[in-house]
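One file, upload-v5.txt, is given below (compact mmCIF, C-alpha atoms and all ligand atoms).
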```
# COMPACT_ATOMS: atom_id res chain seq x y z
CA MET A 1 184.40 -21.76 55.00
CA THR A 2 183.59 -20.32 58.42
CA ALA A 3 185.24 -17.22 59.86
CA THR A 4 187.82 -17.50 62.65
CA ALA A 5 189.41 -14.74 64.73
CA GLU A 6 192.41 -14.88 62.38
CA SER A 7 190.75 -15.31 59.01
CA PRO A 8 187.43 -13.82 57.88
CA ALA A 9 185.27 -15.93 55.56
CA VAL A 10 185.54 -15.30 51.84
CA GLY A 11 183.56 -12.17 51.00
CA GLU A 12 183.44 -11.05 54.64
CA VAL A 13 184.89 -7.60 55.32
CA GLN A 14 186.51 -7.16 58.72
CA ALA A 15 185.28 -4.39 61.00
CA MET A 16 187.76 -1.81 62.27
CA LEU A 17 187.77 1.06 64.70
CA VAL A 18 187.45 4.44 62.97
CA THR A 19 187.90 7.85 64.60
CA LEU A 20 185.78 10.81 63.47
CA ARG A 21 186.82 14.26 64.62
CA ILE A 22 183.76 16.46 64.28
CA LEU A 23 183.47 20.24 64.50
CA ARG A 24 180.41 20.80 66.68
CA SER A 25 178.38 23.71 68.05
CA LYS A 26 175.09 24.14 69.85
CA PRO A 27 172.97 27.28 69.54
CA GLU A 28 171.92 26.91 73.18
CA GLY A 29 175.48 26.27 74.41
CA SER A 30 176.38 23.90 77.25
CA ASP A 31 178.25 23.84 80.56
CA ASP A 32 181.55 23.83 78.64
CA HIS A 33 180.75 25.92 75.58
CA ALA A 34 179.12 29.27 74.89
CA PRO A 35 176.07 29.37 72.56
CA GLY A 36 177.28 28.87 68.99
CA GLU A 37 180.91 28.26 70.01
CA GLN A 38 182.57 25.68 67.79
CA TYR A 39 184.64 22.89 69.33
CA TRP A 40 186.09 19.55 68.25
CA GLN A 41 184.83 16.26 69.53
CA GLU A 42 186.19 12.81 68.72
CA PHE A 43 184.17 9.64 68.43
CA GLN A 44 185.27 6.10 67.73
CA VAL A 45 182.98 3.71 65.88
CA GLU A 46 183.29 0.18 64.65
CA ALA A 47 182.86 0.23 60.89
CA HIS A 48 183.81 -1.50 57.69
CA ALA A 49 186.07 -0.01 55.04
CA THR A 50 183.18 -0.16 52.61
CA ASP A 51 180.90 1.86 54.92
CA ARG A 52 180.21 5.46 54.08
CA VAL A 53 180.90 8.46 56.28
CA LEU A 54 177.11 8.79 56.62
CA ASP A 55 176.96 5.27 58.12
CA ALA A 56 179.60 6.24 60.69
CA LEU A 57 177.72 9.44 61.55
CA HIS A 58 174.52 7.43 62.00
CA LYS A 59 176.31 5.02 64.32
CA ILE A 60 177.49 7.92 66.45
CA LYS A 61 174.04 9.48 66.53
CA TRP A 62 172.16 6.26 67.20
CA GLU A 63 174.59 4.61 69.61
CA GLN A 64 176.66 7.32 71.28
CA ASP A 65 175.28 10.86 71.09
CA GLY A 66 171.76 11.52 69.86
CA SER A 67 172.38 15.27 69.92
CA LEU A 68 174.77 15.14 66.95
CA ALA A 69 173.06 17.15 64.21
CA PHE A 70 173.48 16.69 60.45
CA ARG A 71 171.16 16.70 57.45
CA ARG A 72 170.52 13.67 55.30
CA SER A 73 167.58 12.18 53.49
CA CYS A 74 168.01 9.85 50.51
CA ALA A 75 171.39 8.36 51.56
CA HIS A 76 172.10 7.68 47.87
CA GLY A 77 173.53 10.86 46.39
CA VAL A 78 170.25 12.18 45.06
CA CYS A 79 168.76 14.71 47.48
CA GLY A 80 171.89 16.80 48.06
CA SER A 81 171.23 17.35 51.76
CA ASP A 82 174.40 15.90 53.33
CA ALA A 83 177.18 18.00 51.81
CA MET A 84 179.88 18.51 54.42
CA ARG A 85 183.59 19.17 54.60
CA ILE A 86 185.35 15.83 55.01
CA ASN A 87 189.15 15.85 55.30
CA ALA A 88 189.18 19.46 54.07
CA ARG A 89 187.12 18.77 50.95
CA ASN A 90 183.41 19.22 50.28
CA ARG A 91 181.73 15.88 49.71
CA LEU A 92 178.42 14.09 50.22
CA ALA A 93 178.69 11.94 53.34
CA CYS A 94 176.51 9.29 51.69
CA LYS A 95 178.85 8.98 48.70
CA THR A 96 182.15 8.96 50.60
CA LEU A 97 183.53 5.55 51.51
CA LEU A 98 185.74 5.23 54.58
CA LYS A 99 188.30 3.25 52.58
CA ASP A 100 188.83 6.24 50.31
CA LEU A 101 189.81 8.42 53.28
CA ASN A 102 192.59 6.43 54.96
CA PRO A 103 190.46 5.37 57.95
CA ALA A 104 193.63 4.57 59.93
CA LYS A 105 193.79 8.31 60.60
CA PRO A 106 191.06 10.45 62.22
CA ILE A 107 188.50 11.58 59.67
CA ILE A 108 187.88 15.32 60.00
CA VAL A 109 184.25 16.36 59.50
CA GLU A 110 183.16 20.00 59.45
CA PRO A 111 180.13 21.97 58.21
CA ILE A 112 180.44 23.42 54.71
CA LYS A 113 182.03 26.89 54.76
CA GLY A 114 180.63 30.32 54.00
CA LEU A 115 177.08 29.79 55.30
CA PRO A 116 176.01 30.47 58.90
CA VAL A 117 176.28 27.38 61.10
CA GLU A 118 173.06 26.51 62.91
CA LYS A 119 174.14 23.43 64.84
CA ASP A 120 177.01 20.94 64.43
CA LEU A 121 177.10 20.08 60.70
CA ILE A 122 173.89 21.93 59.81
CA VAL A 123 174.19 25.31 58.09
CA ASP A 124 171.57 27.88 57.17
CA MET A 125 170.94 27.24 53.46
CA GLU A 126 168.68 30.26 52.99
CA PRO A 127 171.36 32.60 51.50
CA PHE A 128 172.21 29.81 49.02
CA PHE A 129 168.57 29.35 47.98
CA ALA A 130 168.07 33.13 47.82
CA SER A 131 170.80 33.36 45.15
CA TYR A 132 169.17 30.52 43.24
CA ARG A 133 165.82 32.32 43.28
CA GLU A 134 167.53 35.45 41.88
CA ILE A 135 168.25 33.74 38.57
CA MET A 136 164.59 32.75 38.07
CA PRO A 137 165.02 28.96 37.83
CA PHE A 138 161.89 28.20 35.82
CA LEU A 139 160.95 28.11 32.15
CA MET A 140 159.97 31.55 30.86
CA THR A 141 157.93 31.83 27.68
CA THR A 142 155.76 34.38 25.92
CA GLY A 143 152.49 34.01 24.05
CA ASN A 144 149.70 31.55 24.63
CA ALA A 145 150.33 28.16 26.13
CA PRO A 146 150.94 25.62 23.34
CA THR A 147 148.42 22.88 22.63
CA ARG A 148 151.19 20.25 22.61
CA GLU A 149 154.63 19.82 24.17
CA ARG A 150 157.44 22.15 23.14
CA LEU A 151 159.70 20.21 20.80
CA GLN A 152 163.47 20.10 21.12
CA SER A 153 166.09 18.23 19.11
CA PRO A 154 168.57 15.88 20.81
CA GLU A 155 171.32 18.41 19.99
CA GLU A 156 169.40 21.24 21.60
CA ARG A 157 168.79 19.09 24.70
CA ALA A 158 172.46 18.13 24.88
CA ARG A 159 173.44 21.80 25.02
CA PHE A 160 172.42 22.10 28.67
CA ASP A 161 172.39 18.44 29.74
CA ASP A 162 175.31 18.78 32.17
CA THR A 163 173.71 21.48 34.27
CA THR A 164 170.40 19.60 34.59
CA LYS A 165 172.23 17.16 36.89
CA CYS A 166 172.53 19.63 39.76
CA ILE A 167 171.07 18.39 43.07
CA MET A 168 171.45 21.74 44.89
CA CYS A 169 173.87 20.34 47.46
CA ALA A 170 175.90 23.58 47.71
CA ALA A 171 179.23 21.73 47.64
CA CYS A 172 180.37 23.98 44.79
CA THR A 173 179.32 27.33 46.21
CA THR A 174 180.71 26.59 49.68
CA SER A 175 184.08 25.52 48.27
CA CYS A 176 184.53 28.77 46.34
CA PRO A 177 187.10 31.16 47.89
CA VAL A 178 185.30 34.16 46.39
CA PHE A 179 182.04 33.09 48.05
CA TRP A 180 183.82 32.70 51.40
CA THR A 181 185.10 36.26 51.35
CA ASP A 182 182.53 38.18 49.31
CA GLY A 183 179.09 38.28 50.85
CA GLN A 184 177.59 39.52 47.56
CA TYR A 185 178.62 36.77 45.11
CA PHE A 186 175.74 34.53 44.01
CA GLY A 187 178.15 31.60 43.88
CA PRO A 188 178.65 28.90 41.23
CA GLN A 189 175.45 26.94 41.88
CA ALA A 190 173.24 29.91 40.97
CA ILE A 191 175.16 30.21 37.69
CA VAL A 192 174.76 26.48 37.02
CA GLY A 193 171.03 26.89 37.68
CA ALA A 194 170.88 29.81 35.27
CA HIS A 195 172.91 27.95 32.64
CA ARG A 196 170.33 25.15 32.63
CA PHE A 197 167.70 27.63 31.34
CA ILE A 198 169.84 30.11 29.38
CA PHE A 199 170.90 27.38 26.95
CA ASP A 200 167.48 25.68 26.79
CA SER A 201 166.06 26.35 23.30
CA ARG A 202 162.50 26.42 24.72
CA ASP A 203 163.21 29.24 27.16
CA GLU A 204 162.71 32.91 26.30
CA GLY A 205 164.00 34.47 29.52
CA GLN A 206 167.72 34.05 28.85
CA TRP A 207 168.44 37.76 28.60
CA ASP A 208 166.64 38.47 31.87
CA ARG A 209 168.85 35.90 33.55
CA LEU A 210 171.99 37.14 31.83
CA GLU A 211 171.20 40.63 33.04
CA VAL A 212 171.04 39.33 36.62
CA LEU A 213 174.34 37.51 36.18
CA ASN A 214 176.00 40.55 34.61
CA ASP A 215 175.39 42.37 37.88
CA LYS A 216 178.16 43.02 40.40
CA ALA A 217 177.12 39.89 42.35
CA GLY A 218 177.22 37.73 39.21
CA VAL A 219 179.62 35.84 36.96
CA TRP A 220 182.35 38.46 36.86
CA LYS A 221 183.16 37.73 40.50
CA CYS A 222 184.37 34.27 39.48
CA ARG A 223 188.17 34.03 39.44
CA THR A 224 188.27 30.60 37.77
CA ALA A 225 189.53 28.88 40.93
CA PHE A 226 188.02 25.52 39.83
CA ASN A 227 187.27 24.45 43.45
CA CYS A 228 183.61 24.23 42.46
CA THR A 229 184.25 21.76 39.65
CA GLU A 230 186.42 19.59 41.89
CA ALA A 231 183.77 19.60 44.64
CA CYS A 232 180.72 18.73 42.54
CA PRO A 233 179.52 15.21 43.45
CA ARG A 234 177.59 15.04 40.19
CA GLY A 235 180.66 15.65 38.07
CA ILE A 236 179.19 18.80 36.56
CA GLU A 237 181.75 20.96 34.75
CA VAL A 238 180.83 23.98 36.83
CA THR A 239 183.69 26.25 35.77
CA LYS A 240 182.98 25.46 32.11
CA ALA A 241 179.30 26.38 32.60
CA ILE A 242 180.37 29.67 34.19
CA SER A 243 182.72 30.42 31.29
CA GLU A 244 179.90 29.72 28.81
CA VAL A 245 177.70 32.23 30.57
CA LYS A 246 180.56 34.78 30.54
CA LYS A 247 181.00 34.15 26.82
CA ALA A 248 177.29 34.63 26.15
CA LEU A 249 177.50 37.97 27.94
CA THR A 250 180.54 39.15 25.98
CA THR A 251 179.57 37.89 22.54
CA GLY A 252 175.78 38.09 22.79
CA ALA A 253 175.63 34.63 21.22
CA ILE A 254 173.78 31.77 22.92
FE1 LIG B 301 176.02 20.38 44.10
FE2 LIG B 301 177.25 20.22 41.71
FE3 LIG B 301 174.84 21.38 41.91
FE4 LIG B 301 176.97 22.58 42.89
S1 LIG B 301 176.61 22.13 40.72
S2 LIG B 301 175.00 22.37 43.91
S3 LIG B 301 178.17 20.87 43.64
S4 LIG B 301 175.34 19.24 42.30
FE1 LIG B 302 184.70 30.05 42.58
FE2 LIG B 302 184.41 28.08 40.88
FE3 LIG B 302 184.83 30.53 40.00
S1 LIG B 302 185.49 28.01 42.78
S2 LIG B 302 186.08 31.41 41.58
S3 LIG B 302 183.06 29.85 41.12
S4 LIG B 302 185.62 28.64 39.10
FE1 LIG B 303 170.79 12.54 49.90
FE2 LIG B 303 173.37 12.24 50.56
S1 LIG B 303 171.62 11.94 51.82
S2 LIG B 303 172.55 13.07 48.75
```

Let me see the file written as structure tokens.
Ligand code: SF4
Ligand code: F3S
Ligand code: FES
Amino acid sequence: MTATAESPAVGEVQAMLVTLRILRSKPEGSDDHAPGEQYWQEFQVEAHATDRVLDALHKIKWEQDGSLAFRRSCAHGVCGSDAMRINARNRLACKTLLKDLNPAKPIIVEPIKGLPVEKDLIVDMEPFFASYREIMPFLMTTGNAPTRERLQSPEERARFDDTTKCIMCAACTTSCPVFWTDGQYFGPQAIVGAHRFIFDSRDEGQWDRLEVLNDKAGVWKCRTAFNCTEACPRGIEVTKAISEVKKALTTGAI
């Protein structure tokens, strides 16, 4: 069957006009805006319901305004570089389908909150990575290096499996109301990163990490808001991981 203006062929998805309302800013400013001033700009693109927000952003950048700035790399939910606030919720642009957003209405796209905006949808990730470095995200052991791999049972591996899935996208940390208002809080991702090692039977640095997280910038800042768990594109039970770290600190049991 061939497509006509009235009826698309079987399997063919009709294109539609989608509006994206994007919160922009330029460090150098422009004739209309001061350096760093944020302002809204609307774009219309032809897209399919099965396209992703990232596809629509690419269309804008490649066909309408090459100055639109956003991070992306893998385009398949692996690298974690395109977390942004889409319709008031942190999501990965490459994993968000237009059809799941009611594309009949303008789609609101903003940079993630709580980190300094550099340009358009790009934020300065350095404070986020600095918190991650604080928890020493590497295997710590004592004694001589072993002559063979360190063994671990399937049960021991399962203990921290969930938190190994983190792709460092910052969707959790930048959806946390405590992180937005408290410049000291490490944020949920740093705790997820610590959890991955604290509960690893091969690691011997768990108490060093727990000491860091027991600090005033650590786990006790968490108010169990659950935004982080809802935002995580990897489905990690972030709030549960945080509560396990709190429990380890109160009971001393790992
Ligand atoms: Fe992203 Fe989830 Fe990792 Fe947070 S825990 S950085 S939301 S993958
Ligand atoms: Fe924030 Fe998540 Fe705790 S949103 S308050 S870190 S449960
Ligand atoms: Fe890599 Fe979206 S571009 S996760």

Point to revise | Given 9 Å and all atoms listed in the file, residues near ligand LIG 301 (chain B) as a VMD selection string | key: chain A and resid 80 83 90 to 91 163 to 175 188 to 193 228 to 238

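The residue that comes closest to ligand LIG 303 (chain B), out of A:Phe70, A:Tyr39, A:Trp62, A:Phe160 and on the basis of only C-alpha atoms and all ligand atoms, is A:Phe70.
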
Practice item. Could you pull out the residues sitting within 6 Å of ligand LIG 302 (chain B), using all atoms listed in the file, and write them as a ChimeraX atom specification? Key: /A:176-178,187-188,222-228,239

To test the calculation: enclose all listed atoms of ligand LIG 303 (chain B) in a box whose edges run along x, y and z, add 6 Å on each side, then state centre and edge lengths in Å to one decimal, as JSON.
```
{"center_x": 172.1, "center_y": 12.5, "center_z": 50.3, "size_x": 14.6, "size_y": 13.1, "size_z": 15.1}
```

Point to revise | A:Lys119, A:Lys246, A:Lys240, A:Arg21 ranked by distance to Ala69 in chain A, top pick (using only C-alpha atoms) | key: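 With only C-alpha atoms as the atom set, the closest residue is A:Lys119.
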
Check your understanding: What's the 12 Å shell around Lys95 in chain A, counting all atoms listed in the file, without same-chain residues fewer than 2 positions away, as a ChimeraX atom specification?
Key -> /A:50-55,72,74-84,86,90-93,97-101,232-234

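Compared by their closest atoms to Pro111 in chain A, and using all atoms listed in the file, the residues A:Ser153, A:Lys59, A:Ser25, A:Arg148 rank with A:Ser25 nearest.
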
Practice item. Step by step: start from the point (179.6, 30.4, 29.9) in the file's coordinates, keep every protein, DNA or RNA residue that has an atom no farther than 10 Å from it, count all atoms listed in the file, and write the set as a ChimeraX atom specification. Key: /A:191-192,195,198-199,219,238-250,254

Writer output for current selection, C-alpha atoms, as a compact mmCIF listing (two decimals), keeping the file's coordinate frame:
```txt
# COMPACT_ATOMS: atom_id res chain seq x y z
CA ILE A 191 175.16 30.21 37.69
CA VAL A 192 174.76 26.48 37.02
CA HIS A 195 172.91 27.95 32.64
CA ILE A 198 169.84 30.11 29.38
CA PHE A 199 170.90 27.38 26.95
CA VAL A 219 179.62 35.84 36.96
CA VAL A 238 180.83 23.98 36.83
CA THR A 239 183.69 26.25 35.77
CA LYS A 240 182.98 25.46 32.11
CA ALA A 241 179.30 26.38 32.60
CA ILE A 242 180.37 29.67 34.19
CA SER A 243 182.72 30.42 31.29
CA GLU A 244 179.90 29.72 28.81
CA VAL A 245 177.70 32.23 30.57
CA LYS A 246 180.56 34.78 30.54
CA LYS A 247 181.00 34.15 26.82
CA ALA A 248 177.29 34.63 26.15
CA LEU A 249 177.50 37.97 27.94
CA THR A 250 180.54 39.15 25.98
CA ILE A 254 173.78 31.77 22.92
```

Check your understanding: Looking at all atoms listed in the file, which of A:Leu23, A:Val18, A:Ala49, A:Cys94 is the one that sits closest to ligand LIG 303 (chain B)?
Key ->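 Checking each of A:Leu23, A:Val18, A:Ala49, A:Cys94 against ligand LIG 303 (chain B), counting all atoms listed in the file, the winner is A:Cys94.
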
Exercise for review: List every protein, DNA or RNA residue that has at least one atom no more than 12 Å from (183.5, 25.3, 71.5) in the file's coordinates, counting only C-alpha atoms, and write the result as a PyMOL selection string.
Suggested key: chain A and resi 22-41+119-120
